[in-house]
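Undergrad: Please see the structure below; I have some questions.
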Amino acid sequence: MTKFEDLGLRPEILTAITELGYESPMPIQEQVIPFLLEQEGDLVALAQTGTGKTAAFGLPLLTKIDTAQQHIQALILSPTRELCIQIANDLKHYATHMTNAKIVPVYGGENIVTQYKQLDIQPQILVATPGRLIDLNKRGKVHLGNVRYLVLDEADEMLDMGFKDDLETILQSVPDERRTLLFSATMPNEIARIAQQYMTDATEIAVGTRNAGAENVDHIYYMVQAKQRYLALKRIVDMNPDIYAIVFCRTRQETKEVADKLMTDGYNADALHGDLSQAQRDNVMNKFRIRHLQILVATDVAARGLDVSDLTHVINYNLPDDVEVYTHRSGRTGRAGKRGVSISIVHQREQRKIRTIEHIIKKKFERARIPLGIDICKRQLFHLIERMEQVQVNDEQIDQFLPHVFKKLDYLSKEDVIRRFVSLEFNRFLDYYRDAEDLNLPEKSNNEIGTKSKTRAPKKRGQRVRMLINLGFRHNATPRTILSAINDITNDRTISIGDIEIAQRGTYFDVYADQANQVLEAFEARGGKLTVELVGKRDKQDNVPFRPDKQRTGGKYPDKFDNPKAAQRYENRRRKQQDDRPVNPDKPWRRRR
């Protein structure tokens with residue numbers, strides 16, 4: 001087995017990493033460190049986050065720099081201030097026993113005057129976010145003319161966050177003879193273009209397969225109705241009492257709603273999204289890092305560059321549209337050789353997306369059943385007993401109270417004490433899950449995945465009601481998009497939709513009266529911009545559309561041609577029929593428009 005002593009690092013660095021508990025290099029370190037120390041040339045290193053990339057480039061850089069020279073010799077770019085601070089702190093720990101080694105982080109959101117003072121004497125290693133670096137360079141506080149090593153850490157995330165132009169500005173500002181080291185979890189086309197344009201004969205080192213998922217992560221998905229995502233999330237959290245997780249949502253609004261619901265229901269959670277100020281963001285992240293929060297609900301943009309150790313779970317409240325985003329999400333757990341779990345809450349229409357992700361990340365997803373109420377109660381009870389068994393008893397502090405406690409409980413048997421203890425801690429779970437429904441959907445065979453159901457809903461008869469959805473011609477709505485929206489949100493194809501009538505700002509449609517509440521509840525539970533309301537009843541013999549907000553005013557075309565495009569098609573057909581009539585010289589007016 002390779003050891004750090006075999007890699008050619010400085011003795012002071014070896015002392016520091018031994019004190020930090022480093023024993024043997026991780027795979028990416030084992031390949032990158034000798035390359036940077038023994039060879040010349042550029043490098044593209046592909047490895048998942050949490051695999052030891054900071055040490056892979058940081059230890060060789062500290063070995064290579066000349067601490068007697070007071071100018072920037074190594075420049076490290078990172079996408080976010082959190083990662084920038086983390087990298088700088090790690091390098092400072094590695095350089096604890098090196099004399100005159102100076103490492104400075106600069107990033108947006110920090111008082112620029114403070115950073116000015118840190119740069120009065122130029123450091124040997126500068127860690128920076130792109131925007132702040134360009135600002136300081138224009139002000140003349142950062143001098144890049146002596147940079148020998150340029151490191152792009154989490155390069156794919158920097159491109160995702162819109163730093164493409166900034167990166168190219170920086171790449172043109174550093175000397176041409178520098179070594180460029182590019183570290184990334186995935187290899188999108190833009191990364192390949194930068195490598196081709198700004199790097200010379202770059203060597204590629206990949207740990208694992210390109211764009212593959214982390215090796216130490218188990219991928220699990222739960223199948224639910226879309227409106228029951230939140231209930232499923234609560235059960236997942238309750239089934240894992242020691243959970244320490246990030247829950248990823250698609251939008252800022254959804255992030256706020258899910259976090260608010262969790263906090264209202266008594267969970268130790270908070271939200272991280274783009275509407276927070278930098279001070280609020282720092283406060284949330286500090287609480288999460290020291291585990292005052294168990295659950296962080298975040299958008300992908302807000303969570304980029306977060307460096308949090310020991311996450312037990314990543315939960316995808318919604319699957320991302322981009323598989324590379326899923327790779328980044330799942331890579332935040334299972335770090336440093338530890339096991340992690342990536343959970344996805346999906347509905348039936350997303351099952352095909354699961355198969356696509358499996359194919360690209362080369363990992364198999366396991367479909368798990370959402371825990372029943374009795375399963376959760378049992379898990380919580382055993383967790384409580386385990387905590388009681390492992391608790392450290394401090395005799396010196398509690399001995400003075402025990403005689404009174406023993407006297408108070410003397411009339412109870414051991415069995416009664418245990419029963420009351422369990423009930424005291426456990427009644428809320430028993431009460432909440434007493435009549436909890438089974439949220440699991442029936443499983444399909446592999447041949448059925450991604451195919452449309454061939455079963456038809458039984459024919460219904462009876463009273464129909466008129467409903468209005470806020471999608472119309474101005475939103476490019478068609479009968480197909482209306483049906484698709486209702487099916488997606490209700491997740492029930494047995495709902496009978498009829499007499500669809502599209503207007504400018506909304507669409508009227510009929511459903512049977514006993515299905516109307518189901519539609520209303522599904523849209524209300526989903527939230528968001530799409531809304532549905534009940535506007536009246538329809539007699540089953542009445543063929544006239546119910547339109548309380550619009551009078552029939554007559555006009556050139558029938559009422560169904562409110563849509564200008566439909567009216568134009570009607571006019572074109574009428575003219576064509578007129579033009580195709582045989583010409584009668586005795587009746588020239590037949591061709592008149």
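Labeling convention for the structure tokens: chains A, B, ... as they appear, residues from 1 per chain, ligands from 1 in order of appearance.
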List every residue of range 300-461 of chain A that DSSP, applied to the backbone of this structure, assigns to helix (DSSP H, G or I), and report them as a ChimeraX atom specification.
TA: /A:300-303,323-330,348-361,373-390,395-398,402-408,414-432,446-448
Undergrad: For Arg379 in chain A, work out the shell of residues within 9 Å, counting only C-alpha atoms and skipping chain neighbours fewer than 2 positions away, then give it as a PyMOL selection string.
TA: chain A and resi 238-241+374-377+381-384
Undergrad: I need the chosen residues saved as a tab-separated table (two decimals), in the first residue's frame, with C-alpha atoms.
TA:
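And here's again_4.tsv as it stands now:
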```tsv
chain	number	residue	atom	x	y	z
A	238	ASP	CA	-38.74	9.66	10.68
A	239	MET	CA	-37.35	6.29	9.57
A	240	ASN	CA	-33.79	7.66	9.94
A	241	PRO	CA	-33.62	9.31	13.40
A	374	ILE	CA	-45.95	0.71	12.28
A	375	ASP	CA	-42.44	0.45	10.76
A	376	ILE	CA	-41.62	4.01	11.77
A	377	CYS	CA	-42.94	3.53	15.30
A	381	LEU	CA	-38.74	2.93	19.69
A	382	PHE	CA	-35.60	0.87	19.13
A	383	HIS	CA	-33.62	4.05	18.49
A	384	LEU	CA	-34.81	5.40	21.84
```
Undergrad: Excluding Asn318 in chain A and its own-chain neighbours fewer than 4 positions away, which residues fall within 8 Å of it when counting only C-alpha atoms? Please give them as a short mmCIF file (atom, residue, chain, number, x, y, z; two decimals) with N, CA, C and O atoms, in the first residue's frame.
TA:
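The resulting file, result_34.cif, is reproduced below:
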```
data_model
loop_
_atom_site.label_atom_id
_atom_site.label_comp_id
_atom_site.auth_asym_id
_atom_site.auth_seq_id
_atom_site.Cartn_x
_atom_site.Cartn_y
_atom_site.Cartn_z
N PHE A 248 -32.91 18.52 -1.77
CA PHE A 248 -32.83 19.39 -2.93
C PHE A 248 -34.20 19.59 -3.56
O PHE A 248 -34.90 18.62 -3.86
N CYS A 249 -34.56 20.85 -3.76
CA CYS A 249 -35.82 21.22 -4.42
C CYS A 249 -35.52 21.94 -5.72
O CYS A 249 -34.41 22.43 -5.94
N ARG A 250 -36.54 22.03 -6.56
CA ARG A 250 -36.35 22.59 -7.89
C ARG A 250 -36.33 24.12 -7.90
O ARG A 250 -35.58 24.74 -8.65
N SER A 344 -34.38 9.49 -3.97
CA SER A 344 -35.19 10.27 -4.90
C SER A 344 -36.66 9.95 -4.67
O SER A 344 -37.02 8.77 -4.58
N ILE A 345 -37.48 10.99 -4.55
CA ILE A 345 -38.93 10.82 -4.42
C ILE A 345 -39.53 11.12 -5.79
O ILE A 345 -39.45 12.25 -6.27
N VAL A 346 -40.10 10.12 -6.44
CA VAL A 346 -40.55 10.26 -7.82
C VAL A 346 -42.00 9.82 -7.95
O VAL A 346 -42.52 9.06 -7.13
#
```
Undergrad: Within 12 Å of Tyr267 in chain A, counting only C-alpha atoms, which residues show up once you throw out same-chain ones fewer than 6 positions away? Write them as a PDB file with N, CA, C and O atoms, in the first residue's frame, please.
TA:
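Saved as around.pdb:
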```pdb
ATOM      1  N   LEU A 233     -41.545  12.420   2.325  1.00  0.00           N
ATOM      2  CA  LEU A 233     -40.318  12.989   2.890  1.00  0.00           C
ATOM      3  C   LEU A 233     -40.320  12.854   4.413  1.00  0.00           C
ATOM      4  O   LEU A 233     -39.305  12.468   5.012  1.00  0.00           O
ATOM      5  N   LYS A 234     -41.437  13.158   5.051  1.00  0.00           N
ATOM      6  CA  LYS A 234     -41.515  13.058   6.509  1.00  0.00           C
ATOM      7  C   LYS A 234     -41.267  11.622   6.971  1.00  0.00           C
ATOM      8  O   LYS A 234     -40.571  11.390   7.966  1.00  0.00           O
ATOM      9  N   ARG A 235     -41.821  10.675   6.257  1.00  0.00           N
ATOM     10  CA  ARG A 235     -41.628   9.274   6.670  1.00  0.00           C
ATOM     11  C   ARG A 235     -40.178   8.838   6.493  1.00  0.00           C
ATOM     12  O   ARG A 235     -39.650   8.075   7.306  1.00  0.00           O
ATOM     13  N   VAL A 237     -37.555  10.783   6.756  1.00  0.00           N
ATOM     14  CA  VAL A 237     -36.814  11.404   7.856  1.00  0.00           C
ATOM     15  C   VAL A 237     -37.105  10.674   9.174  1.00  0.00           C
ATOM     16  O   VAL A 237     -36.188  10.392   9.962  1.00  0.00           O
ATOM     17  N   ASP A 238     -38.376  10.343   9.437  1.00  0.00           N
ATOM     18  CA  ASP A 238     -38.736   9.655  10.685  1.00  0.00           C
ATOM     19  C   ASP A 238     -38.125   8.259  10.757  1.00  0.00           C
ATOM     20  O   ASP A 238     -37.840   7.754  11.848  1.00  0.00           O
ATOM     21  N   PRO A 241     -33.687   8.333  12.303  1.00  0.00           N
ATOM     22  CA  PRO A 241     -33.621   9.311  13.399  1.00  0.00           C
ATOM     23  C   PRO A 241     -32.319  10.104  13.457  1.00  0.00           C
ATOM     24  O   PRO A 241     -32.324  11.255  13.898  1.00  0.00           O
ATOM     25  N   ILE A 243     -30.565  11.164  10.901  1.00  0.00           N
ATOM     26  CA  ILE A 243     -30.330  11.703   9.560  1.00  0.00           C
ATOM     27  C   ILE A 243     -29.620  13.057   9.634  1.00  0.00           C
ATOM     28  O   ILE A 243     -29.872  13.878  10.522  1.00  0.00           O
ATOM     29  N   TYR A 244     -28.696  13.267   8.700  1.00  0.00           N
ATOM     30  CA  TYR A 244     -27.995  14.556   8.541  1.00  0.00           C
ATOM     31  C   TYR A 244     -27.934  14.775   7.042  1.00  0.00           C
ATOM     32  O   TYR A 244     -27.081  14.199   6.348  1.00  0.00           O
ATOM     33  N   VAL A 258     -41.212  23.769   1.632  1.00  0.00           N
ATOM     34  CA  VAL A 258     -40.847  22.495   2.274  1.00  0.00           C
ATOM     35  C   VAL A 258     -40.164  22.747   3.616  1.00  0.00           C
ATOM     36  O   VAL A 258     -40.473  22.083   4.614  1.00  0.00           O
ATOM     37  N   ALA A 259     -39.243  23.718   3.660  1.00  0.00           N
ATOM     38  CA  ALA A 259     -38.554  24.022   4.921  1.00  0.00           C
ATOM     39  C   ALA A 259     -39.536  24.533   5.973  1.00  0.00           C
ATOM     40  O   ALA A 259     -39.468  24.134   7.147  1.00  0.00           O
ATOM     41  N   ASP A 260     -40.461  25.398   5.569  1.00  0.00           N
ATOM     42  CA  ASP A 260     -41.452  25.924   6.515  1.00  0.00           C
ATOM     43  C   ASP A 260     -42.332  24.808   7.068  1.00  0.00           C
ATOM     44  O   ASP A 260     -42.639  24.771   8.266  1.00  0.00           O
ATOM     45  N   LYS A 261     -42.743  23.892   6.205  1.00  0.00           N
ATOM     46  CA  LYS A 261     -43.571  22.765   6.664  1.00  0.00           C
ATOM     47  C   LYS A 261     -42.804  21.887   7.653  1.00  0.00           C
ATOM     48  O   LYS A 261     -43.350  21.461   8.673  1.00  0.00           O
ATOM     49  N   HIS A 292     -26.473  21.856  14.410  1.00  0.00           N
ATOM     50  CA  HIS A 292     -27.649  22.397  15.081  1.00  0.00           C
ATOM     51  C   HIS A 292     -28.873  22.223  14.197  1.00  0.00           C
ATOM     52  O   HIS A 292     -30.004  22.327  14.658  1.00  0.00           O
ATOM     53  N   LEU A 293     -28.640  21.988  12.900  1.00  0.00           N
ATOM     54  CA  LEU A 293     -29.698  21.607  11.966  1.00  0.00           C
ATOM     55  C   LEU A 293     -29.423  20.196  11.491  1.00  0.00           C
ATOM     56  O   LEU A 293     -28.280  19.845  11.199  1.00  0.00           O
ATOM     57  N   GLN A 294     -30.492  19.388  11.404  1.00  0.00           N
ATOM     58  CA  GLN A 294     -30.351  18.046  10.843  1.00  0.00           C
ATOM     59  C   GLN A 294     -30.619  18.034   9.348  1.00  0.00           C
ATOM     60  O   GLN A 294     -30.056  17.223   8.620  1.00  0.00           O
ATOM     61  N   ILE A 295     -31.505  18.944   8.898  1.00  0.00           N
ATOM     62  CA  ILE A 295     -31.956  18.915   7.515  1.00  0.00           C
ATOM     63  C   ILE A 295     -31.810  20.308   6.914  1.00  0.00           C
ATOM     64  O   ILE A 295     -32.324  21.285   7.461  1.00  0.00           O
ATOM     65  N   LEU A 296     -31.112  20.400   5.788  1.00  0.00           N
ATOM     66  CA  LEU A 296     -30.975  21.651   5.042  1.00  0.00           C
ATOM     67  C   LEU A 296     -31.743  21.487   3.731  1.00  0.00           C
ATOM     68  O   LEU A 296     -31.444  20.590   2.941  1.00  0.00           O
ATOM     69  N   VAL A 297     -32.750  22.335   3.509  1.00  0.00           N
ATOM     70  CA  VAL A 297     -33.536  22.302   2.274  1.00  0.00           C
ATOM     71  C   VAL A 297     -32.972  23.374   1.354  1.00  0.00           C
ATOM     72  O   VAL A 297     -32.900  24.545   1.733  1.00  0.00           O
TER      73      VAL A 297
END
```
Undergrad: Have a look at CA of Met467 in chain A and CA of Ile489 in chain A and let me know their distance in Å, one decimal.
TA: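 Going from CA of Met467 in chain A over to CA of Ile489 in chain A, I get 15.2 Å.
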Undergrad: So that I can check the secondary structure, give me every residue of range 314-460 of chain A assigned strand (DSSP E) by backbone DSSP, as a PyMOL selection string.
TA: chain A and resi 314-316+340-346+365-367
Undergrad: Using only C-alpha atoms, which residue out of A:Gln228, A:Gly140, A:Phe401, A:Leu46 lies closest to Pro188 in chain A?
TA: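 Answer, going by the shortest atom-to-atom distance: A:Leu46.
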Undergrad: Can you tell me, as a PyMOL selection string, what residues are no more than 9 Å from Val511 in chain A when counting only C-alpha atoms, ignoring any on the same chain fewer than 5 positions away?
TA: chain A and resi 463-467+495-499+516+519
Undergrad: For Pro105 in chain A, which of A:Arg474, A:Arg289, A:Arg526, A:Arg81 is the closest residue, counting only C-alpha atoms?
TA: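 When distances to Pro105 in chain A are compared using only C-alpha atoms, the smallest one comes from A:Arg81.
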Undergrad: Excluding same-chain residues fewer than 5 positions from range 16-22 of chain A, what lies within 12 Å of it counting only C-alpha atoms, as a list in words?
TA: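 Here the qualifying residues turn out to be Lys3, Phe4, Glu5, Leu9, Arg10, Pro11, Gln29, Gly52, Ala55, Gly58, Leu59, Leu62, Asp90, Leu91, Lys92, His93, Tyr94, Ala95, Thr96, His97, Met98 and Ala336 of chain A.
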Undergrad: What does the structure give for the distance between CA of Thr200 in chain A and CA of Ala47 in chain A, in Å to one decimal?
TA: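 Value for the CA of Thr200 in chain A-CA of Ala47 in chain A distance: 20.8 Å.
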Undergrad: Enter the distance from CA of Asp431 in chain A to CA of Gln518 in chain A, in Å, rounded to one decimal.
TA: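 Between CA of Asp431 in chain A and CA of Gln518 in chain A the gap works out to 26.4 Å.
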Undergrad: Can you work out which one of A:Ile125, A:Val104, A:Leu14, A:Val535 has the shortest atom-to-atom distance to Ile72 in chain A, counting only C-alpha atoms?
TA: A:Ile125
Undergrad: Just want the 8 Å neighbourhood of range 30-38 of chain A, counted on only C-alpha atoms, with same-chain residues fewer than 2 positions away dropped. Output as a list in words.
TA: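 The residues that qualify are Thr2, Leu7, Gly8, Pro25, Met26, Pro27, Ile28, Glu40, Ala45, Ala56, Phe57, Leu59, Pro60, Lys64 and Ile205 of chain A.
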